[in-house]
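Here's the structure we're looking at; comments come further down.
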Amino acid sequence: MNSSKILAQAGGFNSNRAALNFVKTSTILSTVAAFAPTTKRNVSSKRLVENRHLSSLTSKSNYNCQKRVYPSISKSSFTTSSIKGTAGNKENEKGVPVSSSSLAMGYLDENISEPSSYSIPPFQKGDDMLTDLPKGTRIISFGDVHGDILALYKFLQASQLLHPESTITNPIWDGGDSILVQCGDILDRGAEELFCLRYLTSLARQAPKQGGKVILLHGNHEALNANGLFQYADRNGNQEIEVVLGKALDAKRSEGTERWRIQYAGNEPSRWAAFEPNGWLAEQLYSNMSVAAVVGRTVFVHAGLTKDHLQSYGGIEKMNEEARTWFLSKYPEELQNDDGFKFRTVQEVIDNANLRARTASKTMPGCLGGTIGAASPVWMRDYSSPNDTTPKSPFAQKMIDECLSELGDVERMVMGHTPQNRINAALKGKAWRVDVGASRGVMNGVPEVLEIIHKGGENDEDVIHILTVEGDRIPASERQIDAMDFLL
């Protein structure tokens with residue numbers, strides 16, 4: 001049987017924002033012929049009942065034994081479009097999905113399929129503990145982007161880091177020696193994930209030429225995608241990834257064929273191959289990102305840090321080292337099936353894809369692990385929920401006090417993850433919540449950024465403002481939350 005027929009018969013599930021739902025079909029093949037062209041097998045077909053079961057697989061992390069839920073890939077929807085993910089969607093004359101943002105056209109002149117277009121400077125020892133900063137160093141931070149290039153552009157406009165000649169398709173760093181920290185969750189919920197990654201990584205490559213720096217943090221959505229969990233992916237985001245990366249992956253793997261896709265069982269193979277450990281973007285991008293970083297007197301993290309995290313994981317440097325090692329780790333030989341010749345039945349494809357997800361889960365460091373409500377650095381909400389008011393946890397103040405004390409000369413924590421109506425500080429000004437839900441896929445909030453001038457005050461205290469797209473500089477004192485009320 002030729003490879004095109006195999007691709008038409010080996011599939012899996014597609015994902016939407018609510019859950020991983022299996023695509024309904026009336027007739028599928030129950031077995032798949034051998035992939036070797038010299039082998040002939042009879043392939044029988046039969047009608048199967050649609051399978052919508054989600055199995056729960058658990059694994060113990062190093063912290064609090066968090067439970068992770070994974071979908072069970074099953075026999076359903078064995079079609080060419082399934083095995084190829086979102087391939088086959090209509091494109092315009094420039095190869096951009098018609099339902100995706102036309103803004104992506106601005107990058108078509110670049111070799112945007114190559115990992116080098118998403119590279120950031122290699123991580124150097126000490127990059128996550130930048131405590132010896134010159135007086136007056138400008139530190140900028142903003143929260144979750146979630147695949148919205150318009151929101152990202154507004155964040156950067158407010159930050160005053162872009163050259164006046166910058167456009168939404170051509171960023172030019174003009175921040176001098178400023179340090180930008182993006183607090184994670186660039187992926188999911190939006191249609192322009194790769195576009196946002198290219199924009200930020202371009203600035204990360206430019207900034208050092210002026211003495212500046214861009215630090216990108218892992219969020220829970222980066223961790224989800226690395227494990228093949230795409231329940232929050234936007235359909236148009238899947239299209240963007242397929243169109244931009246799919247053909248390049250086809251060309252580089254399986255001798256130019258699409259056989260490499262089979263091992264992903266139809267679960268958005270281009271997305272999975274891009275974001276998984278040792279994937280298309282692992283070496284150039286994800287292995288150089290951080291879980292947390294100290295810049296000046298501020299610690300930055302996606303969701304939060306506790307003293308227990310620091311002690312259990314061996315400190316910030318150890319957490320980041322383990323995340324880097326994991327993203328560079330290779331799957332065992334039985335999961336390296338780019339040629340597709342190993343598989344003889346549909347069930348083998350399904351079992352192999354499920355093993356791939358379980359392997360990633362079991363080897364993932366605890367600092368990236370967890371799920372909704374978990375206590376990990378990329379999932380916790382003890383300092384940020386409910387939004388726009390005092391955290392409900394009666395232990396939150398004690399937890400953040402102990403964590404900052406454990407870190408030494410650190411006065412505050414900046415986090416994203418939980419959307420607020422505007423940037424604000426809780427817990428006696430120690431918990432700055434900078435996720436404003438700016439993505440159209442979240443709540444289309446008004447972009448704002450946090451500015452910290454290191455030792456910018458008369459007595460060498462840090463000076464903090466919130467910056468808006470309109471050019472306002474709001475003093476930190478106007479965004480403090482007390483135990484009484486928070487006036488919007």
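Every chain in the structure tokens takes a letter, A first, then B, and so on in the order presented; its residues are numbered from 1, and the ligands are numbered from 1 following the presented order.
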
From a backbone DSSP assignment, name each residue in range 95-273 of chain A labelled helix (DSSP H, G or I), as a PyMOL selection string. chain A and resi 102-107+115-118+149-159+193-210+220-226+235-252+254-256+259-264+269-273

Quick one: everything within 12 Å of Leu305 in chain A, counting only C-alpha atoms, minus sequence neighbours fewer than 3 positions away in the same chain. Send it as an mmCIF file with all heavy atoms, in the first residue's frame.
data_model
loop_
_atom_site.group_PDB
_atom_site.id
_atom_site.type_symbol
_atom_site.label_atom_id
_atom_site.label_comp_id
_atom_site.auth_asym_id
_atom_site.auth_seq_id
_atom_site.Cartn_x
_atom_site.Cartn_y
_atom_site.Cartn_z
ATOM 1 N N VAL A 291 12.126 29.218 33.591
ATOM 2 C CA VAL A 291 10.935 29.063 34.426
ATOM 3 C C VAL A 291 10.757 30.299 35.298
ATOM 4 O O VAL A 291 9.637 30.782 35.503
ATOM 5 C CB VAL A 291 11.036 27.802 35.300
ATOM 6 C CG1 VAL A 291 9.813 27.666 36.207
ATOM 7 C CG2 VAL A 291 11.190 26.559 34.429
ATOM 8 N N ALA A 292 11.854 30.824 35.797
ATOM 9 C CA ALA A 292 11.826 32.018 36.638
ATOM 10 C C ALA A 292 13.150 32.739 36.500
ATOM 11 O O ALA A 292 14.165 32.153 36.106
ATOM 12 C CB ALA A 292 11.561 31.645 38.097
ATOM 13 N N ALA A 293 13.158 34.020 36.838
ATOM 14 C CA ALA A 293 14.391 34.807 36.762
ATOM 15 C C ALA A 293 14.313 35.952 37.760
ATOM 16 O O ALA A 293 13.251 36.542 37.970
ATOM 17 C CB ALA A 293 14.608 35.351 35.351
ATOM 18 N N VAL A 294 15.438 36.264 38.356
ATOM 19 C CA VAL A 294 15.564 37.438 39.220
ATOM 20 C C VAL A 294 16.269 38.529 38.428
ATOM 21 O O VAL A 294 17.353 38.313 37.875
ATOM 22 C CB VAL A 294 16.353 37.119 40.502
ATOM 23 C CG1 VAL A 294 16.621 38.400 41.308
ATOM 24 C CG2 VAL A 294 15.599 36.113 41.364
ATOM 25 N N VAL A 299 11.655 39.147 41.281
ATOM 26 C CA VAL A 299 11.641 37.817 40.703
ATOM 27 C C VAL A 299 10.435 37.711 39.781
ATOM 28 O O VAL A 299 9.325 38.132 40.122
ATOM 29 C CB VAL A 299 11.616 36.709 41.786
ATOM 30 C CG1 VAL A 299 10.388 36.813 42.684
ATOM 31 C CG2 VAL A 299 11.706 35.324 41.139
ATOM 32 N N PHE A 300 10.660 37.177 38.605
ATOM 33 C CA PHE A 300 9.628 37.031 37.583
ATOM 34 C C PHE A 300 9.341 35.550 37.367
ATOM 35 O O PHE A 300 10.257 34.734 37.265
ATOM 36 C CB PHE A 300 10.080 37.661 36.264
ATOM 37 C CG PHE A 300 10.324 39.143 36.341
ATOM 38 C CD1 PHE A 300 11.550 39.638 36.776
ATOM 39 C CD2 PHE A 300 9.333 40.052 35.967
ATOM 40 C CE1 PHE A 300 11.798 41.003 36.845
ATOM 41 C CE2 PHE A 300 9.561 41.423 36.035
ATOM 42 C CZ PHE A 300 10.791 41.896 36.472
ATOM 43 N N VAL A 301 8.063 35.208 37.255
ATOM 44 C CA VAL A 301 7.640 33.824 37.058
ATOM 45 C C VAL A 301 6.253 33.852 36.427
ATOM 46 O O VAL A 301 5.552 34.864 36.517
ATOM 47 C CB VAL A 301 7.641 33.063 38.408
ATOM 48 C CG1 VAL A 301 6.598 33.652 39.362
ATOM 49 C CG2 VAL A 301 7.446 31.567 38.223
ATOM 50 N N HIS A 302 5.846 32.778 35.799
ATOM 51 C CA HIS A 302 4.543 32.796 35.143
ATOM 52 C C HIS A 302 3.396 32.851 36.139
ATOM 53 O O HIS A 302 2.509 33.698 36.034
ATOM 54 C CB HIS A 302 4.357 31.582 34.240
ATOM 55 C CG HIS A 302 3.008 31.549 33.587
ATOM 56 N ND1 HIS A 302 2.588 32.520 32.720
ATOM 57 C CD2 HIS A 302 1.962 30.681 33.704
ATOM 58 C CE1 HIS A 302 1.353 32.270 32.312
ATOM 59 N NE2 HIS A 302 0.950 31.154 32.906
ATOM 60 N N ASP A 308 8.779 26.487 49.286
ATOM 61 C CA ASP A 308 8.812 25.045 49.016
ATOM 62 C C ASP A 308 9.335 24.753 47.613
ATOM 63 O O ASP A 308 10.091 23.795 47.410
ATOM 64 C CB ASP A 308 7.413 24.439 49.185
ATOM 65 C CG ASP A 308 7.011 24.301 50.633
ATOM 66 O OD1 ASP A 308 7.894 24.378 51.506
ATOM 67 O OD2 ASP A 308 5.806 24.127 50.902
ATOM 68 N N HIS A 309 8.934 25.546 46.633
ATOM 69 C CA HIS A 309 9.466 25.366 45.278
ATOM 70 C C HIS A 309 10.984 25.490 45.281
ATOM 71 O O HIS A 309 11.698 24.653 44.718
ATOM 72 C CB HIS A 309 8.900 26.435 44.336
ATOM 73 C CG HIS A 309 7.454 26.287 44.024
ATOM 74 N ND1 HIS A 309 6.659 27.361 43.716
ATOM 75 C CD2 HIS A 309 6.646 25.201 43.974
ATOM 76 C CE1 HIS A 309 5.431 26.945 43.474
ATOM 77 N NE2 HIS A 309 5.401 25.635 43.632
ATOM 78 N N LEU A 310 11.460 26.561 45.880
ATOM 79 C CA LEU A 310 12.899 26.820 45.863
ATOM 80 C C LEU A 310 13.673 25.701 46.539
ATOM 81 O O LEU A 310 14.741 25.284 46.058
ATOM 82 C CB LEU A 310 13.181 28.157 46.544
ATOM 83 C CG LEU A 310 12.552 29.391 45.880
ATOM 84 C CD1 LEU A 310 12.775 30.625 46.741
ATOM 85 C CD2 LEU A 310 13.121 29.598 44.480
ATOM 86 N N GLN A 311 13.145 25.193 47.636
ATOM 87 C CA GLN A 311 13.850 24.134 48.354
ATOM 88 C C GLN A 311 13.691 22.779 47.684
ATOM 89 O O GLN A 311 14.644 21.991 47.612
ATOM 90 C CB GLN A 311 13.348 24.082 49.796
ATOM 91 C CG GLN A 311 13.699 25.330 50.594
ATOM 92 C CD GLN A 311 13.215 25.271 52.033
ATOM 93 O OE1 GLN A 311 12.390 24.434 52.400
ATOM 94 N NE2 GLN A 311 13.727 26.165 52.875
ATOM 95 N N SER A 312 12.502 22.496 47.163
ATOM 96 C CA SER A 312 12.253 21.192 46.536
ATOM 97 C C SER A 312 12.975 21.051 45.205
ATOM 98 O O SER A 312 13.461 19.968 44.860
ATOM 99 C CB SER A 312 10.745 20.988 46.320
ATOM 100 O OG SER A 312 10.047 20.996 47.536
ATOM 101 N N TYR A 313 13.045 22.141 44.457
ATOM 102 C CA TYR A 313 13.639 22.080 43.117
ATOM 103 C C TYR A 313 15.091 22.532 43.089
ATOM 104 O O TYR A 313 15.715 22.524 42.035
ATOM 105 C CB TYR A 313 12.829 22.941 42.146
ATOM 106 C CG TYR A 313 11.382 22.523 42.000
ATOM 107 C CD1 TYR A 313 10.382 23.481 41.861
ATOM 108 C CD2 TYR A 313 11.008 21.181 41.990
ATOM 109 C CE1 TYR A 313 9.053 23.113 41.722
ATOM 110 C CE2 TYR A 313 9.687 20.806 41.857
ATOM 111 C CZ TYR A 313 8.706 21.778 41.721
ATOM 112 O OH TYR A 313 7.390 21.407 41.590
ATOM 113 N N GLY A 315 16.297 25.630 43.912
ATOM 114 C CA GLY A 315 16.502 27.028 43.565
ATOM 115 C C GLY A 315 16.160 27.337 42.124
ATOM 116 O O GLY A 315 15.885 26.440 41.312
ATOM 117 N N ILE A 316 16.168 28.612 41.781
ATOM 118 C CA ILE A 316 15.796 29.048 40.437
ATOM 119 C C ILE A 316 16.746 28.494 39.384
ATOM 120 O O ILE A 316 16.316 28.018 38.325
ATOM 121 C CB ILE A 316 15.751 30.589 40.379
ATOM 122 C CG1 ILE A 316 14.514 31.095 41.133
ATOM 123 C CG2 ILE A 316 15.744 31.093 38.939
ATOM 124 C CD1 ILE A 316 14.423 32.604 41.213
ATOM 125 N N MET A 319 15.957 24.848 38.691
ATOM 126 C CA MET A 319 14.706 24.709 37.951
ATOM 127 C C MET A 319 14.935 24.971 36.466
ATOM 128 O O MET A 319 14.483 24.214 35.600
ATOM 129 C CB MET A 319 13.655 25.676 38.491
ATOM 130 C CG MET A 319 12.959 25.231 39.741
ATOM 131 S SD MET A 319 11.514 26.261 40.128
ATOM 132 C CE MET A 319 12.315 27.728 40.728
ATOM 133 N N CYS A 367 8.787 21.444 38.061
ATOM 134 C CA CYS A 367 8.570 22.888 38.012
ATOM 135 C C CYS A 367 7.738 23.309 36.807
ATOM 136 O O CYS A 367 7.211 24.424 36.772
ATOM 137 C CB CYS A 367 9.906 23.629 37.995
ATOM 138 S SG CYS A 367 11.001 23.178 36.634
ATOM 139 N N LEU A 368 7.594 22.438 35.821
ATOM 140 C CA LEU A 368 6.737 22.707 34.661
ATOM 141 C C LEU A 368 5.437 21.922 34.726
ATOM 142 O O LEU A 368 4.577 22.075 33.861
ATOM 143 C CB LEU A 368 7.461 22.355 33.361
ATOM 144 C CG LEU A 368 8.620 23.248 32.938
ATOM 145 C CD1 LEU A 368 9.298 22.683 31.688
ATOM 146 C CD2 LEU A 368 8.152 24.671 32.684
ATOM 147 N N ALA A 375 -0.137 23.398 42.317
ATOM 148 C CA ALA A 375 0.679 24.335 43.085
ATOM 149 C C ALA A 375 2.050 24.569 42.474
ATOM 150 O O ALA A 375 2.975 24.978 43.152
ATOM 151 C CB ALA A 375 0.840 23.810 44.511
ATOM 152 N N SER A 376 2.219 24.330 41.184
ATOM 153 C CA SER A 376 3.527 24.472 40.559
ATOM 154 C C SER A 376 3.769 25.910 40.114
ATOM 155 O O SER A 376 2.836 26.719 40.033
ATOM 156 C CB SER A 376 3.642 23.523 39.361
ATOM 157 O OG SER A 376 3.000 24.073 38.226
ATOM 158 N N PRO A 377 5.019 26.273 39.789
ATOM 159 C CA PRO A 377 5.345 27.642 39.380
ATOM 160 C C PRO A 377 4.625 28.122 38.129
ATOM 161 O O PRO A 377 4.545 29.335 37.896
ATOM 162 C CB PRO A 377 6.858 27.592 39.153
ATOM 163 C CG PRO A 377 7.341 26.492 40.040
ATOM 164 C CD PRO A 377 6.242 25.457 39.988
ATOM 165 N N VAL A 378 4.114 27.205 37.310
ATOM 166 C CA VAL A 378 3.408 27.639 36.099
ATOM 167 C C VAL A 378 1.896 27.463 36.201
ATOM 168 O O VAL A 378 1.165 27.767 35.253
ATOM 169 C CB VAL A 378 3.942 26.901 34.839
ATOM 170 C CG1 VAL A 378 5.404 27.223 34.605
ATOM 171 C CG2 VAL A 378 3.716 25.393 34.935
ATOM 172 N N TRP A 379 1.411 26.985 37.350
ATOM 173 C CA TRP A 379 -0.029 26.732 37.495
ATOM 174 C C TRP A 379 -0.676 27.386 38.714
ATOM 175 O O TRP A 379 -1.890 27.589 38.748
ATOM 176 C CB TRP A 379 -0.297 25.230 37.565
ATOM 177 C CG TRP A 379 -0.302 24.528 36.248
ATOM 178 C CD1 TRP A 379 0.728 23.796 35.711
ATOM 179 C CD2 TRP A 379 -1.355 24.479 35.293
ATOM 180 N NE1 TRP A 379 0.366 23.292 34.483
ATOM 181 C CE2 TRP A 379 -0.913 23.692 34.204
ATOM 182 C CE3 TRP A 379 -2.645 25.012 35.254
ATOM 183 C CZ2 TRP A 379 -1.707 23.432 33.092
ATOM 184 C CZ3 TRP A 379 -3.442 24.754 34.141
ATOM 185 C CH2 TRP A 379 -2.968 23.975 33.078
ATOM 186 N N MET A 380 0.059 27.695 39.750
ATOM 187 C CA MET A 380 -0.539 28.149 41.011
ATOM 188 C C MET A 380 -1.241 29.501 40.843
ATOM 189 O O MET A 380 -0.916 30.296 39.957
ATOM 190 C CB MET A 380 0.521 28.234 42.113
ATOM 191 C CG MET A 380 1.583 29.298 41.900
ATOM 192 S SD MET A 380 2.764 29.404 43.271
ATOM 193 C CE MET A 380 1.751 30.125 44.566
ATOM 194 N N ARG A 381 -2.215 29.773 41.702
ATOM 195 C CA ARG A 381 -2.933 31.047 41.668
ATOM 196 C C ARG A 381 -3.062 31.657 43.080
ATOM 197 O O ARG A 381 -3.885 32.542 43.295
ATOM 198 C CB ARG A 381 -4.326 30.867 41.065
ATOM 199 C CG ARG A 381 -4.328 30.374 39.621
ATOM 200 C CD ARG A 381 -5.708 30.436 39.011
ATOM 201 N NE ARG A 381 -5.769 29.755 37.725
ATOM 202 C CZ ARG A 381 -5.482 30.321 36.551
ATOM 203 N NH1 ARG A 381 -5.106 31.588 36.512
ATOM 204 N NH2 ARG A 381 -5.562 29.626 35.425
ATOM 205 N N ASP A 382 -2.235 31.205 44.003
ATOM 206 C CA ASP A 382 -2.359 31.651 45.387
ATOM 207 C C ASP A 382 -2.182 33.155 45.543
ATOM 208 O O ASP A 382 -2.779 33.765 46.436
ATOM 209 C CB ASP A 382 -1.326 30.931 46.252
ATOM 210 C CG ASP A 382 -1.531 29.437 46.272
ATOM 211 O OD1 ASP A 382 -1.241 28.792 45.246
ATOM 212 O OD2 ASP A 382 -1.992 28.907 47.284
ATOM 213 N N TYR A 383 -1.367 33.770 44.671
ATOM 214 C CA TYR A 383 -1.109 35.202 44.790
ATOM 215 C C TYR A 383 -1.955 36.044 43.848
ATOM 216 O O TYR A 383 -1.964 37.275 43.963
ATOM 217 C CB TYR A 383 0.363 35.503 44.488
ATOM 218 C CG TYR A 383 1.368 34.696 45.261
ATOM 219 C CD1 TYR A 383 2.516 34.214 44.644
ATOM 220 C CD2 TYR A 383 1.185 34.404 46.613
ATOM 221 C CE1 TYR A 383 3.465 33.476 45.331
ATOM 222 C CE2 TYR A 383 2.127 33.662 47.323
ATOM 223 C CZ TYR A 383 3.262 33.199 46.663
ATOM 224 O OH TYR A 383 4.193 32.460 47.361
ATOM 225 N N SER A 384 -2.674 35.417 42.943
ATOM 226 C CA SER A 384 -3.307 36.183 41.861
ATOM 227 C C SER A 384 -4.815 36.019 41.751
ATOM 228 O O SER A 384 -5.451 36.680 40.937
ATOM 229 C CB SER A 384 -2.678 35.795 40.526
ATOM 230 O OG SER A 384 -2.821 34.400 40.278
ATOM 231 N N ALA A 396 -1.423 33.321 51.729
ATOM 232 C CA ALA A 396 -0.704 33.943 50.623
ATOM 233 C C ALA A 396 0.379 34.905 51.092
ATOM 234 O O ALA A 396 1.508 34.893 50.577
ATOM 235 C CB ALA A 396 -1.690 34.651 49.695
ATOM 236 N N MET A 399 3.285 33.018 52.516
ATOM 237 C CA MET A 399 3.985 32.281 51.469
ATOM 238 C C MET A 399 4.909 33.188 50.673
ATOM 239 O O MET A 399 6.068 32.854 50.420
ATOM 240 C CB MET A 399 2.973 31.607 50.542
ATOM 241 C CG MET A 399 2.238 30.440 51.165
ATOM 242 S SD MET A 399 0.785 29.949 50.198
ATOM 243 C CE MET A 399 1.535 29.483 48.646
ATOM 244 N N ILE A 400 4.401 34.350 50.270
ATOM 245 C CA ILE A 400 5.232 35.225 49.447
ATOM 246 C C ILE A 400 6.342 35.862 50.281
ATOM 247 O O ILE A 400 7.471 36.052 49.794
ATOM 248 C CB ILE A 400 4.384 36.289 48.716
ATOM 249 C CG1 ILE A 400 5.172 36.865 47.533
ATOM 250 C CG2 ILE A 400 3.903 37.378 49.651
ATOM 251 C CD1 ILE A 400 4.338 37.685 46.575
ATOM 252 N N ASP A 401 6.066 36.173 51.537
ATOM 253 C CA ASP A 401 7.106 36.718 52.418
ATOM 254 C C ASP A 401 8.259 35.728 52.564
ATOM 255 O O ASP A 401 9.441 36.092 52.473
ATOM 256 C CB ASP A 401 6.524 37.040 53.799
ATOM 257 C CG ASP A 401 5.602 38.247 53.794
ATOM 258 O OD1 ASP A 401 5.610 39.000 52.795
ATOM 259 O OD2 ASP A 401 4.859 38.433 54.791
ATOM 260 N N GLU A 402 7.916 34.453 52.805
ATOM 261 C CA GLU A 402 8.942 33.423 52.982
ATOM 262 C C GLU A 402 9.736 33.203 51.704
ATOM 263 O O GLU A 402 10.962 33.007 51.742
ATOM 264 C CB GLU A 402 8.301 32.121 53.433
ATOM 265 C CG GLU A 402 7.754 32.152 54.848
ATOM 266 C CD GLU A 402 7.107 30.851 55.256
ATOM 267 O OE1 GLU A 402 6.834 30.008 54.366
ATOM 268 O OE2 GLU A 402 6.871 30.668 56.472
ATOM 269 N N CYS A 403 9.057 33.239 50.566
ATOM 270 C CA CYS A 403 9.741 33.020 49.294
ATOM 271 C C CYS A 403 10.736 34.143 49.006
ATOM 272 O O CYS A 403 11.889 33.884 48.649
ATOM 273 C CB CYS A 403 8.722 32.914 48.172
ATOM 274 S SG CYS A 403 9.458 32.657 46.536
ATOM 275 N N LEU A 404 10.296 35.380 49.155
ATOM 276 C CA LEU A 404 11.179 36.508 48.873
ATOM 277 C C LEU A 404 12.351 36.535 49.841
ATOM 278 O O LEU A 404 13.488 36.862 49.455
ATOM 279 C CB LEU A 404 10.389 37.816 48.949
ATOM 280 C CG LEU A 404 9.261 37.975 47.918
ATOM 281 C CD1 LEU A 404 8.572 39.319 48.083
ATOM 282 C CD2 LEU A 404 9.781 37.818 46.495
ATOM 283 N N SER A 405 12.110 36.167 51.087
ATOM 284 C CA SER A 405 13.189 36.091 52.067
ATOM 285 C C SER A 405 14.211 35.022 51.682
ATOM 286 O O SER A 405 15.427 35.214 51.816
ATOM 287 C CB SER A 405 12.614 35.791 53.448
ATOM 288 O OG SER A 405 13.639 35.652 54.414
ATOM 289 N N GLU A 406 13.705 33.903 51.180
ATOM 290 C CA GLU A 406 14.591 32.809 50.750
ATOM 291 C C GLU A 406 15.487 33.242 49.586
ATOM 292 O O GLU A 406 16.631 32.793 49.468
ATOM 293 C CB GLU A 406 13.731 31.609 50.336
ATOM 294 C CG GLU A 406 14.513 30.373 49.938
ATOM 295 C CD GLU A 406 15.038 29.591 51.138
ATOM 296 O OE1 GLU A 406 14.683 29.921 52.289
ATOM 297 O OE2 GLU A 406 15.799 28.627 50.904
ATOM 298 N N LEU A 407 14.976 34.137 48.754
ATOM 299 C CA LEU A 407 15.737 34.592 47.583
ATOM 300 C C LEU A 407 16.765 35.653 47.935
ATOM 301 O O LEU A 407 17.643 35.966 47.120
ATOM 302 C CB LEU A 407 14.779 35.139 46.524
ATOM 303 C CG LEU A 407 13.937 34.108 45.777
ATOM 304 C CD1 LEU A 407 12.849 34.793 44.964
ATOM 305 C CD2 LEU A 407 14.827 33.256 44.869
ATOM 306 N N ARG A 412 9.928 41.893 45.500
ATOM 307 C CA ARG A 412 8.602 41.686 44.898
ATOM 308 C C ARG A 412 8.646 40.536 43.900
ATOM 309 O O ARG A 412 9.720 40.120 43.442
ATOM 310 C CB ARG A 412 8.124 42.968 44.211
ATOM 311 C CG ARG A 412 8.919 43.331 42.983
ATOM 312 C CD ARG A 412 8.666 44.744 42.508
ATOM 313 N NE ARG A 412 9.110 45.733 43.483
ATOM 314 C CZ ARG A 412 10.365 46.195 43.550
ATOM 315 N NH1 ARG A 412 11.296 45.722 42.728
ATOM 316 N NH2 ARG A 412 10.717 47.093 44.443
ATOM 317 N N MET A 413 7.452 40.058 43.563
ATOM 318 C CA MET A 413 7.291 38.997 42.563
ATOM 319 C C MET A 413 6.332 39.502 41.487
ATOM 320 O O MET A 413 5.282 40.066 41.791
ATOM 321 C CB MET A 413 6.737 37.727 43.227
ATOM 322 C CG MET A 413 6.641 36.513 42.331
ATOM 323 S SD MET A 413 5.950 35.070 43.230
ATOM 324 C CE MET A 413 7.146 34.878 44.565
ATOM 325 N N VAL A 414 6.696 39.288 40.231
ATOM 326 C CA VAL A 414 5.852 39.662 39.104
ATOM 327 C C VAL A 414 5.385 38.386 38.417
ATOM 328 O O VAL A 414 6.195 37.505 38.108
ATOM 329 C CB VAL A 414 6.601 40.570 38.107
ATOM 330 C CG1 VAL A 414 5.760 40.834 36.865
ATOM 331 C CG2 VAL A 414 6.988 41.881 38.772
ATOM 332 N N MET A 415 4.083 38.289 38.167
ATOM 333 C CA MET A 415 3.507 37.060 37.610
ATOM 334 C C MET A 415 2.400 37.377 36.614
ATOM 335 O O MET A 415 1.803 38.464 36.644
ATOM 336 C CB MET A 415 2.936 36.190 38.736
ATOM 337 C CG MET A 415 1.721 36.816 39.414
ATOM 338 S SD MET A 415 1.492 36.328 41.142
ATOM 339 C CE MET A 415 2.856 37.157 41.938
ATOM 340 N N GLY A 416 2.125 36.433 35.737
ATOM 341 C CA GLY A 416 1.002 36.515 34.818
ATOM 342 C C GLY A 416 -0.046 35.492 35.208
ATOM 343 O O GLY A 416 -0.451 35.399 36.365
ATOM 344 N N ALA A 431 3.164 41.283 45.383
ATOM 345 C CA ALA A 431 2.676 40.431 44.287
ATOM 346 C C ALA A 431 2.122 41.313 43.175
ATOM 347 O O ALA A 431 0.995 41.813 43.263
ATOM 348 C CB ALA A 431 1.605 39.471 44.792
#

Could you please write out, as a list of chain:residue names, every residue of range 344-487 of chain A that DSSP assigns to strand (DSSP E or B)?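 Answer for range 344-487 of chain A restricted to strand (DSSP E or B) is A:Arg412, A:Met413, A:Val414, A:Met415, A:Asn424, A:Ala425, A:Ala426, A:Ala431, A:Trp432, A:Arg433, A:Glu448, A:Val449, A:Leu450, A:Glu451, A:Ile452, A:Ile453, A:Val463, A:Ile464, A:His465, A:Ile466, A:Leu467, A:Thr468, A:Arg473, A:Ile474, A:Pro475, A:Gln480.
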
Of A:Val181, A:Ala353, A:Ile149, A:Ala323, the one nearest to Val449 in chain A when counting only C-alpha atoms is A:Val181

One residue among A:Gln480, A:Thr306, A:Thr359, A:Glu348 is nearest to Pro332 in chain A when using only C-alpha atoms, and that residue is A:Thr359

Contacts of Glu333 in chain A within 12 Å, only C-alpha atoms, excl. fewer than 5 positions in-chain, as an MDAnalysis selection string: chainID A and resid 338 342 352 356

Keeping N, CA, C and O atoms, export the residues of the selection given above as a PDB file, in the first residue's frame.
ATOM      1  N   ASP A 338      10.209   8.499  12.296  1.00  0.00           N
ATOM      2  CA  ASP A 338       9.985   9.427  11.196  1.00  0.00           C
ATOM      3  C   ASP A 338       9.701   8.723   9.871  1.00  0.00           C
ATOM      4  O   ASP A 338       8.990   9.248   9.018  1.00  0.00           O
ATOM      5  N   LYS A 342       7.697   1.296  10.874  1.00  0.00           N
ATOM      6  CA  LYS A 342       7.531   0.397  12.009  1.00  0.00           C
ATOM      7  C   LYS A 342       6.098  -0.079  12.162  1.00  0.00           C
ATOM      8  O   LYS A 342       5.850  -1.212  12.576  1.00  0.00           O
ATOM      9  N   ASN A 352       1.541   4.033  20.181  1.00  0.00           N
ATOM     10  CA  ASN A 352       2.803   4.752  20.121  1.00  0.00           C
ATOM     11  C   ASN A 352       2.627   6.230  20.459  1.00  0.00           C
ATOM     12  O   ASN A 352       3.440   6.828  21.179  1.00  0.00           O
ATOM     13  N   ARG A 356       4.119   8.320  23.609  1.00  0.00           N
ATOM     14  CA  ARG A 356       4.865   9.565  23.438  1.00  0.00           C
ATOM     15  C   ARG A 356       4.421  10.601  24.479  1.00  0.00           C
ATOM     16  O   ARG A 356       5.253  11.261  25.112  1.00  0.00           O
TER      17      ARG A 356
END

Applying 9 Å and only C-alpha atoms, which residues near Leu249 in chain A remain after dropping the ones on its own chain fewer than 3 positions away? List them as a list in words.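 My list of contacting residues is Ser113, Leu245, Gly246, Lys252, Arg253, Ser254, Gly256, Glu258, Trp260, Ser270, Ala273, Ala274 and Trp280 of chain A.
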
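Taking only C-alpha atoms into account, Gly445 in chain A lies nearest to A:Asp144 out of the set A:Glu192, A:Glu222, A:Asp339, A:Asp144.
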
I want to know what sits within 10 Å of Leu281 in chain A, based on only C-alpha atoms, with residues of the same chain fewer than 5 positions away left out; could you give that as a ChimeraX atom specification? /A:114-119,273-276,286-287,327-328

Just the number, please: distance in Å from CA of Lys318 in chain A to CA of Gln397 in chain A, one decimal.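 It comes out at 25.1 Å.
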
Measuring atom to atom with only C-alpha atoms, identify which of A:Thr137, A:Asn267, A:Ser477, A:Thr325 is nearest to Met364 in chain A. A:Thr325

Range 200-213 of chain A: which residues within 7 Å, counting only C-alpha atoms, same-chain residues fewer than 6 positions away excluded, as a list in words? Tyr118, Ser119, Ile120, Pro121, Pro171, Ile172, Trp173, Gly175, Gly176, Asp177, Ser178, Ile179 and Leu180 of chain A

Determine the nearest neighbour of Asp188 in chain A from the options A:Gly279, A:Phe142, A:Arg358, A:Ser439, counting only C-alpha atoms. A:Ser439
